[in-house]
>>> print(open('start.tsv').read())   # TSV, C-alpha atoms
chain	number	residue	atom	x	y	z
M	1	MET	CA	48.68	-172.46	-155.44
M	2	ASN	CA	50.62	-175.10	-157.37
M	3	LYS	CA	53.92	-173.60	-156.26
M	4	ASN	CA	52.66	-173.75	-152.67
M	5	PHE	CA	52.02	-177.45	-152.90
M	6	ILE	CA	55.51	-178.14	-154.23
M	7	PHE	CA	56.90	-176.13	-151.31
M	8	ILE	CA	54.75	-178.04	-148.76
M	9	PHE	CA	55.77	-181.33	-150.31
M	10	LEU	CA	59.46	-180.41	-150.09
M	11	GLY	CA	59.12	-179.32	-146.46
M	12	ILE	CA	57.34	-182.51	-145.46
M	13	SER	CA	59.93	-184.66	-147.23
M	14	LEU	CA	62.78	-182.79	-145.56
M	15	ILE	CA	61.35	-183.20	-142.04
M	16	THR	CA	60.45	-186.86	-142.63
M	17	PHE	CA	63.90	-187.59	-143.99
M	18	ALA	CA	65.66	-185.82	-141.12
M	19	SER	CA	63.51	-187.46	-138.43
M	20	VAL	CA	63.84	-190.96	-139.84
M	21	ARG	CA	67.55	-190.45	-140.36
M	22	ILE	CA	68.12	-189.25	-136.80
M	23	ALA	CA	66.02	-192.01	-135.29
M	24	SER	CA	67.50	-194.75	-137.49
M	25	ASN	CA	71.02	-193.91	-136.43
M	26	ASN	CA	70.01	-195.56	-133.17
M	27	THR	CA	68.15	-198.53	-134.61
M	28	ILE	CA	70.10	-200.98	-132.51
M	29	PHE	CA	69.92	-198.82	-129.46
M	30	TYR	CA	70.69	-201.96	-127.49
M	31	TYR	CA	71.21	-205.64	-128.21
M	32	THR	CA	69.05	-208.25	-126.55
M	33	THR	CA	71.05	-211.06	-124.98
M	34	SER	CA	70.30	-213.46	-127.87
M	35	GLU	CA	71.32	-210.85	-130.45
M	36	ALA	CA	74.52	-210.16	-128.55
M	37	ILE	CA	75.48	-213.83	-128.58
M	38	GLU	CA	74.80	-214.02	-132.32
M	39	ASN	CA	76.42	-210.78	-133.43
M	40	VAL	CA	79.12	-209.93	-130.91
M	41	ASP	CA	82.37	-211.66	-130.01
M	42	ILE	CA	81.64	-212.30	-126.33
M	43	SER	CA	85.19	-213.30	-125.47
M	44	LYS	CA	86.29	-209.69	-126.11
M	45	SER	CA	84.23	-206.86	-127.54
M	46	GLU	CA	83.95	-203.13	-128.16
M	47	ARG	CA	81.68	-201.05	-125.95
M	48	LEU	CA	78.04	-201.70	-126.65
M	49	LYS	CA	74.61	-201.52	-125.06
M	50	LEU	CA	72.90	-204.65	-123.81
M	51	GLY	CA	69.30	-204.96	-122.65
M	52	GLY	CA	67.38	-207.63	-120.79
M	53	PHE	CA	65.45	-208.53	-117.68
M	54	VAL	CA	67.17	-209.11	-114.35
M	55	VAL	CA	66.86	-212.80	-113.36
M	56	SER	CA	65.20	-213.44	-109.98
M	57	GLU	CA	67.54	-214.09	-107.05
M	58	SER	CA	70.64	-213.45	-109.13
M	59	ILE	CA	71.70	-210.15	-107.58
M	60	SER	CA	74.73	-210.30	-105.27
M	61	LYS	CA	77.69	-208.16	-104.27
M	62	THR	CA	81.23	-209.20	-105.26
M	63	ARG	CA	84.21	-208.85	-102.93
M	64	ASN	CA	85.25	-205.49	-104.38
M	65	ALA	CA	81.78	-203.99	-103.96
M	66	GLN	CA	80.67	-204.52	-107.54
M	67	THR	CA	77.18	-205.82	-108.21
M	68	ASN	CA	76.85	-209.19	-109.84
M	69	PHE	CA	73.65	-210.31	-111.56
M	70	THR	CA	72.27	-212.13	-114.60
M	71	ILE	CA	70.06	-210.73	-117.32
M	72	THR	CA	67.98	-212.66	-119.82
M	73	ASP	CA	65.65	-212.15	-122.75
M	74	GLY	CA	64.00	-215.52	-122.15
M	75	ASN	CA	66.42	-217.49	-124.32
M	76	PHE	CA	69.95	-216.61	-123.23
M	77	ASP	CA	71.37	-215.53	-119.90
M	78	ILE	CA	74.39	-213.26	-119.59
M	79	VAL	CA	76.32	-212.65	-116.38
M	80	ILE	CA	76.88	-208.98	-115.58
M	81	ILE	CA	79.46	-207.37	-113.33
M	82	PHE	CA	78.32	-203.84	-112.68
M	83	ASP	CA	80.27	-201.01	-111.10
M	84	GLY	CA	78.48	-197.68	-111.15
M	85	TYR	CA	75.40	-195.72	-110.18
M	86	ILE	CA	72.40	-197.98	-109.57
M	87	PRO	CA	69.00	-196.29	-110.11
M	88	ASP	CA	66.50	-196.69	-107.24
M	89	LEU	CA	64.17	-198.77	-109.35
M	90	PHE	CA	66.74	-201.50	-110.03
M	91	GLN	CA	65.31	-204.82	-108.80
M	92	GLU	CA	64.59	-208.38	-109.82
M	93	GLU	CA	62.62	-208.94	-113.05
M	94	MET	CA	63.08	-205.30	-114.07
M	95	GLY	CA	64.22	-204.41	-117.59
M	96	VAL	CA	67.69	-202.83	-117.72
M	97	ILE	CA	69.90	-201.39	-120.46
M	98	LEU	CA	73.61	-201.63	-119.69
M	99	ASP	CA	76.54	-199.91	-121.35
M	100	GLY	CA	79.80	-201.85	-121.26
M	101	TYR	CA	81.92	-204.55	-122.90
M	102	PHE	CA	82.32	-208.33	-122.97
M	103	GLU	CA	85.37	-210.10	-121.64
M	104	ASN	CA	85.53	-213.88	-121.19
M	105	GLU	CA	81.76	-214.15	-121.68
M	106	ILE	CA	81.11	-211.77	-118.80
M	107	PHE	CA	79.65	-208.33	-119.48
M	108	TYR	CA	81.42	-205.55	-117.56
M	109	SER	CA	79.31	-202.44	-117.25
M	110	ASP	CA	79.44	-199.09	-115.49
M	111	ASP	CA	76.31	-197.41	-116.81
M	112	MET	CA	72.75	-198.60	-116.20
M	113	LEU	CA	69.31	-197.45	-117.33
M	114	VAL	CA	66.22	-199.06	-115.81
M	115	LYS	CA	63.47	-199.57	-118.38
M	116	HIS	CA	59.96	-199.54	-117.00
M	117	ASP	CA	57.07	-201.12	-118.91
M	118	ASN	CA	53.78	-199.40	-119.69
M	119	GLU	CA	51.78	-200.98	-116.86
M	120	TYR	CA	50.62	-198.88	-113.97
M	121	ILE	CA	49.20	-200.79	-111.02
M	122	SER	CA	48.00	-198.91	-107.97
M	123	GLU	CA	47.16	-200.38	-104.58
M	124	ASP	CA	43.52	-200.67	-105.51
M	125	GLY	CA	41.01	-199.59	-102.87
M	126	GLU	CA	43.66	-198.80	-100.28
M	127	ALA	CA	44.27	-195.40	-98.80
M	128	TYR	CA	47.32	-193.69	-100.21
M	129	ASP	CA	49.67	-192.55	-97.54
M	130	VAL	CA	53.38	-192.29	-97.31
M	131	GLU	CA	53.72	-195.35	-95.06
M	132	ASN	CA	52.46	-197.55	-97.88
M	133	TYR	CA	55.06	-196.05	-100.15
M	134	THR	CA	57.83	-198.61	-99.63
M	135	LYS	CA	56.23	-201.87	-100.49
K	1	MET	CA	39.50	-167.63	-113.67
K	2	ILE	CA	38.83	-170.90	-115.49
K	3	PHE	CA	42.55	-171.07	-116.25
K	4	TYR	CA	43.65	-170.77	-112.62
K	5	GLY	CA	40.81	-172.99	-111.37
K	6	SER	CA	41.71	-175.91	-113.63
K	7	THR	CA	45.45	-175.48	-113.08
K	8	ILE	CA	44.97	-175.62	-109.30
K	9	LEU	CA	42.63	-178.61	-109.55
K	10	TRP	CA	45.11	-180.37	-111.82
K	11	THR	CA	47.96	-179.73	-109.34
K	12	LEU	CA	45.83	-181.15	-106.52
K	13	ILE	CA	45.09	-184.26	-108.58
K	14	VAL	CA	48.80	-184.76	-109.23
K	15	LEU	CA	49.57	-184.31	-105.53
K	16	PHE	CA	46.87	-186.62	-104.17
K	17	GLY	CA	46.30	-189.02	-107.07
K	18	PRO	CA	47.09	-192.76	-106.98
K	19	TYR	CA	50.49	-194.01	-108.07
K	20	ASP	CA	52.11	-197.15	-109.41
K	21	VAL	CA	53.42	-199.42	-106.64
K	22	THR	CA	56.68	-200.35	-108.38
K	23	GLN	CA	57.64	-196.86	-109.48
K	24	GLY	CA	56.37	-195.03	-106.42
K	25	MET	CA	55.64	-191.31	-106.23
K	26	SER	CA	57.41	-190.47	-109.48
K	27	SER	CA	54.73	-192.31	-111.48
K	28	LYS	CA	52.36	-189.44	-110.63
K	29	LEU	CA	54.18	-187.55	-113.37
K	30	LEU	CA	51.98	-189.67	-115.64
K	31	TYR	CA	49.19	-187.13	-114.99
K	32	VAL	CA	51.43	-184.31	-116.23
K	33	HIS	CA	53.52	-185.96	-118.92
K	34	VAL	CA	50.81	-187.79	-120.87
K	35	PRO	CA	47.93	-185.24	-121.02
K	36	THR	CA	50.28	-182.37	-121.90
K	37	VAL	CA	51.79	-184.24	-124.83
K	38	TRP	CA	48.34	-185.21	-126.09
K	39	ILE	CA	47.21	-181.59	-125.93
K	40	ALA	CA	50.41	-180.56	-127.69
K	41	TYR	CA	49.43	-183.04	-130.43
K	42	LEU	CA	45.97	-181.45	-130.50
K	43	GLY	CA	47.40	-177.93	-130.66
K	44	TYR	CA	49.73	-178.78	-133.54
K	45	SER	CA	46.94	-180.58	-135.41
K	46	LEU	CA	44.75	-177.49	-135.09
K	47	THR	CA	47.68	-175.34	-136.24
K	48	PHE	CA	47.83	-177.57	-139.32
K	49	VAL	CA	44.10	-177.25	-140.01
K	50	TYR	CA	43.98	-173.47	-139.54
K	51	SER	CA	47.18	-172.91	-141.54
K	52	LEU	CA	45.66	-174.83	-144.42
K	53	LEU	CA	42.42	-172.85	-144.09
K	54	TYR	CA	44.41	-169.61	-144.09
K	55	LEU	CA	46.24	-170.53	-147.29
K	56	LEU	CA	42.93	-171.42	-148.96
K	57	LYS	CA	40.68	-168.64	-147.65
K	58	ARG	CA	43.17	-165.88	-146.70
K	59	ASP	CA	41.06	-164.89	-143.71
K	60	HIS	CA	43.13	-163.49	-140.83
K	61	LYS	CA	41.06	-165.18	-138.11
K	62	TYR	CA	42.43	-168.55	-139.25
K	63	ASP	CA	45.97	-167.25	-138.98
K	64	SER	CA	45.35	-166.03	-135.41
K	65	LEU	CA	43.94	-169.41	-134.45
K	66	ALA	CA	46.87	-171.26	-136.03
K	67	LEU	CA	49.34	-169.06	-134.16
K	68	SER	CA	47.64	-169.38	-130.77
K	69	ASN	CA	47.41	-173.18	-131.09
K	70	ALA	CA	51.11	-173.34	-131.89
K	71	LYS	CA	51.94	-171.15	-128.87
K	72	SER	CA	49.90	-173.35	-126.57
K	73	GLY	CA	51.44	-176.44	-128.17
K	74	VAL	CA	54.93	-175.12	-127.46
K	75	VAL	CA	54.02	-174.43	-123.82
K	76	PHE	CA	52.73	-177.98	-123.38
K	77	THR	CA	55.68	-179.53	-125.24
K	78	ILE	CA	58.03	-177.79	-122.80
K	79	VAL	CA	55.98	-179.08	-119.86
K	80	THR	CA	56.06	-182.60	-121.29
K	81	LEU	CA	59.84	-182.47	-121.82
K	82	VAL	CA	60.54	-181.16	-118.32
K	83	SER	CA	58.21	-183.63	-116.59
K	84	GLY	CA	59.47	-186.47	-118.77
K	85	SER	CA	63.04	-185.60	-117.91
K	86	ALA	CA	62.29	-185.63	-114.18
K	87	TRP	CA	60.45	-188.94	-114.57
K	88	GLY	CA	63.41	-190.32	-116.50
K	89	LYS	CA	65.72	-189.35	-113.66
K	90	ALA	CA	63.47	-191.19	-111.20
K	91	THR	CA	62.96	-194.42	-113.17
K	92	TRP	CA	65.74	-194.80	-115.76
K	93	GLY	CA	68.32	-193.06	-113.61
K	94	THR	CA	69.16	-190.23	-116.02
K	95	TRP	CA	67.65	-186.89	-117.04
K	96	TRP	CA	68.11	-187.40	-120.75
K	97	VAL	CA	69.17	-190.28	-123.01
K	98	TRP	CA	71.11	-188.90	-125.98
K	99	GLY	CA	70.45	-191.13	-128.94
K	100	ASP	CA	66.96	-192.23	-128.01
K	101	ALA	CA	64.54	-191.79	-130.91
K	102	ARG	CA	61.52	-190.75	-128.81
K	103	LEU	CA	63.39	-188.12	-126.82
K	104	ASN	CA	65.28	-186.63	-129.76
K	105	LEU	CA	62.17	-186.43	-131.94
K	106	THR	CA	60.27	-184.61	-129.18
K	107	ALA	CA	63.09	-182.09	-128.90
K	108	ILE	CA	63.01	-181.60	-132.68
K	109	LEU	CA	59.22	-181.16	-132.56
K	110	LEU	CA	59.71	-178.36	-130.04
K	111	LEU	CA	62.41	-176.73	-132.18
K	112	VAL	CA	60.29	-176.81	-135.34
K	113	TYR	CA	57.34	-175.10	-133.63
K	114	MET	CA	59.63	-172.62	-131.91
K	115	GLY	CA	60.85	-171.94	-135.45
K	116	TYR	CA	57.22	-171.37	-136.41
K	117	LEU	CA	56.86	-168.79	-133.63
K	118	VAL	CA	60.15	-167.11	-134.55
K	119	SER	CA	59.12	-166.98	-138.21
K	120	ARG	CA	56.27	-164.71	-137.14
K	121	SER	CA	58.67	-161.89	-136.47
K	122	PHE	CA	60.70	-162.01	-139.69
K	123	SER	CA	58.66	-159.25	-141.28
K	124	TYR	CA	56.29	-156.44	-140.33
K	125	ASP	CA	54.11	-157.35	-143.26
K	126	LEU	CA	51.57	-159.58	-141.54
K	127	ASP	CA	50.09	-160.92	-144.78
K	128	LYS	CA	53.49	-162.16	-145.89
K	129	THR	CA	54.35	-163.48	-142.42
K	130	ALA	CA	51.08	-165.35	-142.12
K	131	LYS	CA	51.55	-166.95	-145.52
K	132	ASN	CA	55.14	-168.04	-144.88
K	133	SER	CA	54.49	-169.31	-141.37
K	134	SER	CA	51.47	-171.30	-142.45
K	135	PHE	CA	53.83	-173.48	-144.51
K	136	ILE	CA	55.72	-174.40	-141.35
K	137	GLY	CA	52.39	-174.99	-139.63
K	138	ILE	CA	51.44	-177.38	-142.44
K	139	PHE	CA	54.57	-179.41	-142.86
K	140	GLY	CA	55.28	-179.63	-139.12
K	141	ILE	CA	52.33	-182.03	-138.75
K	142	ILE	CA	54.25	-184.94	-140.31
K	143	GLN	CA	56.32	-185.23	-137.13
K	144	LEU	CA	53.36	-186.29	-135.01
K	145	PRO	CA	52.90	-189.81	-136.48
K	146	ILE	CA	56.67	-190.34	-136.61
K	147	LEU	CA	56.98	-189.29	-132.97
K	148	HIS	CA	54.00	-191.30	-131.81
K	149	PHE	CA	55.12	-194.56	-133.44
K	150	SER	CA	58.83	-194.04	-132.73
K	151	VAL	CA	58.69	-196.34	-129.69
K	152	ILE	CA	57.39	-199.14	-131.90
K	153	TRP	CA	59.59	-198.53	-134.95
K	154	TRP	CA	62.85	-198.04	-133.07
K	155	ARG	CA	64.21	-199.66	-129.96
K	156	SER	CA	63.90	-197.17	-127.16
K	157	VAL	CA	64.31	-196.82	-123.43
K	158	HIS	CA	60.92	-195.11	-123.41
K	159	GLN	CA	57.97	-197.34	-122.53
K	160	GLN	CA	55.33	-198.04	-125.16
K	161	ALA	CA	52.04	-196.19	-125.20
K	162	SER	CA	49.50	-197.46	-122.65
K	163	ILE	CA	46.34	-195.80	-123.96
K	164	LEU	CA	46.86	-194.80	-127.60
K	165	SER	CA	48.17	-198.24	-128.58
K	166	GLN	CA	46.77	-200.80	-130.96
K	167	GLU	CA	46.45	-203.35	-128.17
K	168	THR	CA	44.45	-201.08	-125.87
K	169	ILE	CA	42.17	-199.94	-128.68
K	170	SER	CA	41.47	-203.48	-129.93
K	171	THR	CA	40.95	-205.07	-126.50
K	172	GLY	CA	39.35	-202.01	-124.92
K	173	SER	CA	41.31	-202.26	-121.68
K	174	ALA	CA	44.39	-200.26	-120.76
K	175	PRO	CA	47.25	-201.90	-118.84
K	176	MET	CA	46.65	-199.80	-115.73
K	177	SER	CA	44.48	-199.87	-112.62
K	178	SER	CA	41.09	-198.26	-113.04
K	179	ASP	CA	41.77	-195.53	-110.46
K	180	ILE	CA	44.96	-194.51	-112.26
K	181	LEU	CA	43.09	-194.49	-115.59
K	182	THR	CA	40.25	-192.36	-114.17
K	183	THR	CA	42.70	-189.87	-112.68
K	184	LEU	CA	44.54	-189.69	-116.00
K	185	LEU	CA	41.32	-188.98	-117.90
K	186	ILE	CA	40.26	-186.30	-115.41
K	187	SER	CA	43.62	-184.58	-115.76
K	188	LEU	CA	43.25	-184.82	-119.55
K	189	VAL	CA	39.94	-182.93	-119.32
K	190	LEU	CA	41.52	-180.29	-117.08
K	191	VAL	CA	44.54	-179.85	-119.37
K	192	THR	CA	42.17	-179.48	-122.32
K	193	ILE	CA	40.38	-176.68	-120.45
K	194	VAL	CA	43.75	-175.05	-119.69
K	195	HIS	CA	44.61	-175.31	-123.39
K	196	PHE	CA	41.44	-173.59	-124.54
K	197	SER	CA	41.70	-170.80	-121.99
K	198	LEU	CA	45.33	-170.20	-123.05
K	199	LEU	CA	44.07	-170.23	-126.64
K	200	LYS	CA	41.55	-167.50	-125.93
K	201	LYS	CA	44.24	-165.33	-124.40
K	202	PHE	CA	46.78	-165.86	-127.19
K	203	ASN	CA	44.09	-165.37	-129.80
K	204	SER	CA	42.99	-161.98	-128.51
K	205	THR	CA	46.64	-160.84	-128.62
K	206	SER	CA	47.10	-161.79	-132.25
K	207	GLU	CA	43.65	-160.49	-133.23
K	208	LYS	CA	44.77	-157.14	-131.86
K	209	LEU	CA	47.93	-157.28	-133.99
K	210	TRP	CA	45.89	-158.08	-137.08
K	211	ASN	CA	43.44	-155.34	-136.26
K	212	ASP	CA	46.25	-152.79	-136.02
K	213	TYR	CA	47.70	-154.05	-139.27
K	214	LEU	CA	44.45	-153.96	-141.19
K	215	ASN	CA	43.19	-150.65	-139.77
K	216	PRO	CA	46.28	-148.53	-139.10
K	217	LYS	CA	44.13	-145.49	-138.38
K	218	ASN	CA	42.62	-147.10	-135.31
K	219	ARG	CA	46.01	-147.80	-133.80
K	220	VAL	CA	46.47	-146.13	-130.44
K	221	LYS	CA	48.91	-143.22	-130.68
K	222	ILE	CA	51.77	-143.45	-128.26
>>> encode(input="start.tsv", output="structure tokens")
Amino acid sequence: MNKNFIFIFLGISLITFASVRIASNNTIFYYTTSEAIENVDISKSERLKLGGFVVSESISKTRNAQTNFTITDGNFDIVIIFDGYIPDLFQEEMGVILDGYFENEIFYSDDMLVKHDNEYISEDGEAYDVENYTK
Amino acid sequence: MIFYGSTILWTLIVLFGPYDVTQGMSSKLLYVHVPTVWIAYLGYSLTFVYSLLYLLKRDHKYDSLALSNAKSGVVFTIVTLVSGSAWGKATWGTWWVWGDARLNLTAILLLVYMGYLVSRSFSYDLDKTAKNSSFIGIFGIIQLPILHFSVIWWRSVHQQASILSQETISTGSAPMSSDILTTLLISLVLVTIVHFSLLKKFNSTSEKLWNDYLNPKNRVKI
């Protein structure tokens, strides 16, 4: 029985180590805007991931059909020029994670993930039909 | 009968249940994604308990129960990964995020328990098999807390837990409309019923195997 416990202990340690190792390799899965300003050279940078919330009324199209908007974490705003696939859920005040690089304090990105929070609000008391779908 | 009844009812609930106004129809995957992963947690926890009991008592009924819980857990983990992937496509804009702690750890969880199932067929000696596999059943459990808290410990694209979170448990109110919450809880009950009817089926299969192993004379001649 003693040998069994040593074996169980080793197995548990191995799985814990592997899981923590794999997950920790992505500890900074994205920078918040404040962290980016502190840790990254925003005049010219390597590719990185940047997360934040889209500022209200900041979304516009540029002349060459790129999307221009600002994201914030509440402290710092960063201007984004985005050229790529935009998920349906992209809208004002939504959390986004962008993959791209800084140049002249503007973040150029071509890859976007929309991050939804853990709140689920239905249209309370209303009938659910497809016409209500686009609200 | 119970199995098909609850599966059909569950499908109807998903089809006609309420949804989140921002996310639209895709948020109905909540009623698939969340209950299935909870029941997978339950299945793996029971696998842990029965594996431990088997090692201590060496009674084959515990081994059968451990195996059937793991099988059901694997089924529900696959459902949770597929529905989560579809939901990810609808909200995040991608099927899978390589390098996200939550997603990778769930995939590893599935692989470990698939390994458990595969380990069952390494040997014809069921006593030996049951003993060896029960180790995997025991040390696999450590992944559940790591997986569950991964969205808090590491920065992730995955949203935080709505129900099984410290905030919800301390304040007693979940961050969702009451109709969504009710629908979620009903689907949880239905998925639990599905789990236990699957369990009964899987268990009778492995009981038969054990029976053949322990009483070779009774085995049906082909």
>>> residues_around(input="start.tsv", residues="K:Pro35", least_positions_apart="5", cutoff="8 Å", atoms="only C-alpha atoms", output="ChimeraX atom specification")
/K:184,187-188,191
>>> interface_residues(input="start.tsv", of="chain K", to="chain M", cutoff="6 Å", atoms="all atoms listed in the file", output="list in words")
Tyr19, Asp20, Val21, Thr91, Trp92, Gly93, Ala101, Phe139, Trp154, Arg155, Val157, Gln159, Gln160, Ser162, Pro175, Met176 and Ser177 of chain K
>>> atom_distance(input="start.tsv", atom1="atom CA of K:Tyr44", atom2="atom CA of K:Ser68")
10.0 Å
>>> atom_distance(input="start.tsv", atom1="atom CA of K:Arg58", atom2="atom CA of K:Val194")
28.5 Å
>>> residues_near_point(input="start.tsv", point="(72.7, -207.2, -121.0)", cutoff="7 Å", atoms="all atoms listed in the file", output="ChimeraX atom specification")
/M:32-33,50-52,71,78,97-98
>>> write_last_selection(input="start.tsv", atoms="C-alpha atoms", output="compact mmCIF listing (two decimals), in the coordinates of the input")
# COMPACT_ATOMS: atom_id res chain seq x y z
CA THR M 32 69.05 -208.25 -126.55
CA THR M 33 71.05 -211.06 -124.98
CA LEU M 50 72.90 -204.65 -123.81
CA GLY M 51 69.30 -204.96 -122.65
CA GLY M 52 67.38 -207.63 -120.79
CA ILE M 71 70.06 -210.73 -117.32
CA ILE M 78 74.39 -213.26 -119.59
CA ILE M 97 69.90 -201.39 -120.46
CA LEU M 98 73.61 -201.63 -119.69
>>> atom_distance(input="start.tsv", atom1="atom CA of M:Leu48", atom2="atom CA of M:Thr62")
22.9 Å
>>> decode(input="start.tsv", residues="stretch 14-40 of chain M", atoms="N, CA and C atoms", output="mmCIF file, in the first residue's frame")
data_model
loop_
_atom_site.group_PDB
_atom_site.id
_atom_site.type_symbol
_atom_site.label_atom_id
_atom_site.label_comp_id
_atom_site.auth_asym_id
_atom_site.auth_seq_id
_atom_site.Cartn_x
_atom_site.Cartn_y
_atom_site.Cartn_z
ATOM 1 N N LEU M 14 3.275 15.045 -11.233
ATOM 2 C CA LEU M 14 3.569 15.162 -12.664
ATOM 3 C C LEU M 14 2.477 15.946 -13.383
ATOM 4 N N ILE M 15 1.202 15.592 -13.127
ATOM 5 C CA ILE M 15 0.096 16.273 -13.809
ATOM 6 C C ILE M 15 0.030 17.728 -13.377
ATOM 7 N N THR M 16 0.195 17.991 -12.076
ATOM 8 C CA THR M 16 0.149 19.379 -11.599
ATOM 9 C C THR M 16 1.243 20.194 -12.263
ATOM 10 N N PHE M 17 2.461 19.626 -12.272
ATOM 11 C CA PHE M 17 3.585 20.331 -12.860
ATOM 12 C C PHE M 17 3.313 20.646 -14.329
ATOM 13 N N ALA M 18 2.866 19.617 -15.075
ATOM 14 C CA ALA M 18 2.640 19.810 -16.514
ATOM 15 C C ALA M 18 1.558 20.856 -16.765
ATOM 16 N N SER M 19 0.447 20.759 -16.009
ATOM 17 C CA SER M 19 -0.654 21.706 -16.218
ATOM 18 C C SER M 19 -0.231 23.133 -15.917
ATOM 19 N N VAL M 20 0.437 23.306 -14.768
ATOM 20 C CA VAL M 20 0.836 24.658 -14.378
ATOM 21 C C VAL M 20 1.849 25.213 -15.368
ATOM 22 N N ARG M 21 2.752 24.327 -15.808
ATOM 23 C CA ARG M 21 3.763 24.738 -16.772
ATOM 24 C C ARG M 21 3.121 25.202 -18.082
ATOM 25 N N ILE M 22 2.191 24.388 -18.590
ATOM 26 C CA ILE M 22 1.539 24.717 -19.855
ATOM 27 C C ILE M 22 0.750 26.009 -19.732
ATOM 28 N N ALA M 23 0.013 26.143 -18.613
ATOM 29 C CA ALA M 23 -0.804 27.339 -18.455
ATOM 30 C C ALA M 23 0.060 28.574 -18.225
ATOM 31 N N SER M 24 1.178 28.410 -17.496
ATOM 32 C CA SER M 24 1.998 29.575 -17.168
ATOM 33 C C SER M 24 2.752 30.114 -18.366
ATOM 34 N N ASN M 25 2.976 29.255 -19.356
ATOM 35 C CA ASN M 25 3.637 29.748 -20.556
ATOM 36 C C ASN M 25 2.834 30.854 -21.215
ATOM 37 N N ASN M 26 1.574 30.991 -20.824
ATOM 38 C CA ASN M 26 0.738 32.029 -21.407
ATOM 39 C C ASN M 26 0.299 33.014 -20.341
ATOM 40 N N THR M 27 1.111 33.219 -19.318
ATOM 41 C CA THR M 27 0.681 34.064 -18.210
ATOM 42 C C THR M 27 0.254 35.434 -18.709
ATOM 43 N N ILE M 28 1.160 36.077 -19.497
ATOM 44 C CA ILE M 28 0.722 37.330 -20.101
ATOM 45 C C ILE M 28 0.142 36.970 -21.442
ATOM 46 N N PHE M 29 -1.081 36.469 -21.404
ATOM 47 C CA PHE M 29 -1.732 36.121 -22.649
ATOM 48 C C PHE M 29 -2.021 37.393 -23.448
ATOM 49 N N TYR M 30 -2.309 38.473 -22.757
ATOM 50 C CA TYR M 30 -2.368 39.777 -23.414
ATOM 51 C C TYR M 30 -1.984 40.855 -22.425
ATOM 52 N N TYR M 31 -1.503 41.989 -22.935
ATOM 53 C CA TYR M 31 -1.221 43.142 -22.093
ATOM 54 C C TYR M 31 -2.483 43.996 -22.003
ATOM 55 N N THR M 32 -2.721 44.597 -20.840
ATOM 56 C CA THR M 32 -3.726 45.651 -20.802
ATOM 57 C C THR M 32 -3.060 46.911 -21.357
ATOM 58 N N THR M 33 -3.844 47.929 -21.643
ATOM 59 C CA THR M 33 -3.236 49.118 -22.265
ATOM 60 C C THR M 33 -2.205 49.767 -21.345
ATOM 61 N N SER M 34 -2.491 49.834 -20.032
ATOM 62 C CA SER M 34 -1.522 50.415 -19.093
ATOM 63 C C SER M 34 -0.229 49.619 -19.073
ATOM 64 N N GLU M 35 -0.356 48.280 -19.026
ATOM 65 C CA GLU M 35 0.828 47.426 -19.001
ATOM 66 C C GLU M 35 1.648 47.595 -20.266
ATOM 67 N N ALA M 36 0.950 47.764 -21.393
ATOM 68 C CA ALA M 36 1.663 47.916 -22.665
ATOM 69 C C ALA M 36 2.488 49.202 -22.647
ATOM 70 N N ILE M 37 1.907 50.277 -22.117
ATOM 71 C CA ILE M 37 2.628 51.545 -22.089
ATOM 72 C C ILE M 37 3.838 51.454 -21.165
ATOM 73 N N GLU M 38 3.697 50.702 -20.061
ATOM 74 C CA GLU M 38 4.828 50.542 -19.149
ATOM 75 C C GLU M 38 5.929 49.643 -19.694
ATOM 76 N N ASN M 39 5.525 48.531 -20.328
ATOM 77 C CA ASN M 39 6.508 47.484 -20.629
ATOM 78 C C ASN M 39 6.954 47.413 -22.086
ATOM 79 N N VAL M 40 6.250 48.082 -22.972
ATOM 80 C CA VAL M 40 6.537 47.903 -24.391
ATOM 81 C C VAL M 40 6.946 49.243 -24.989
#
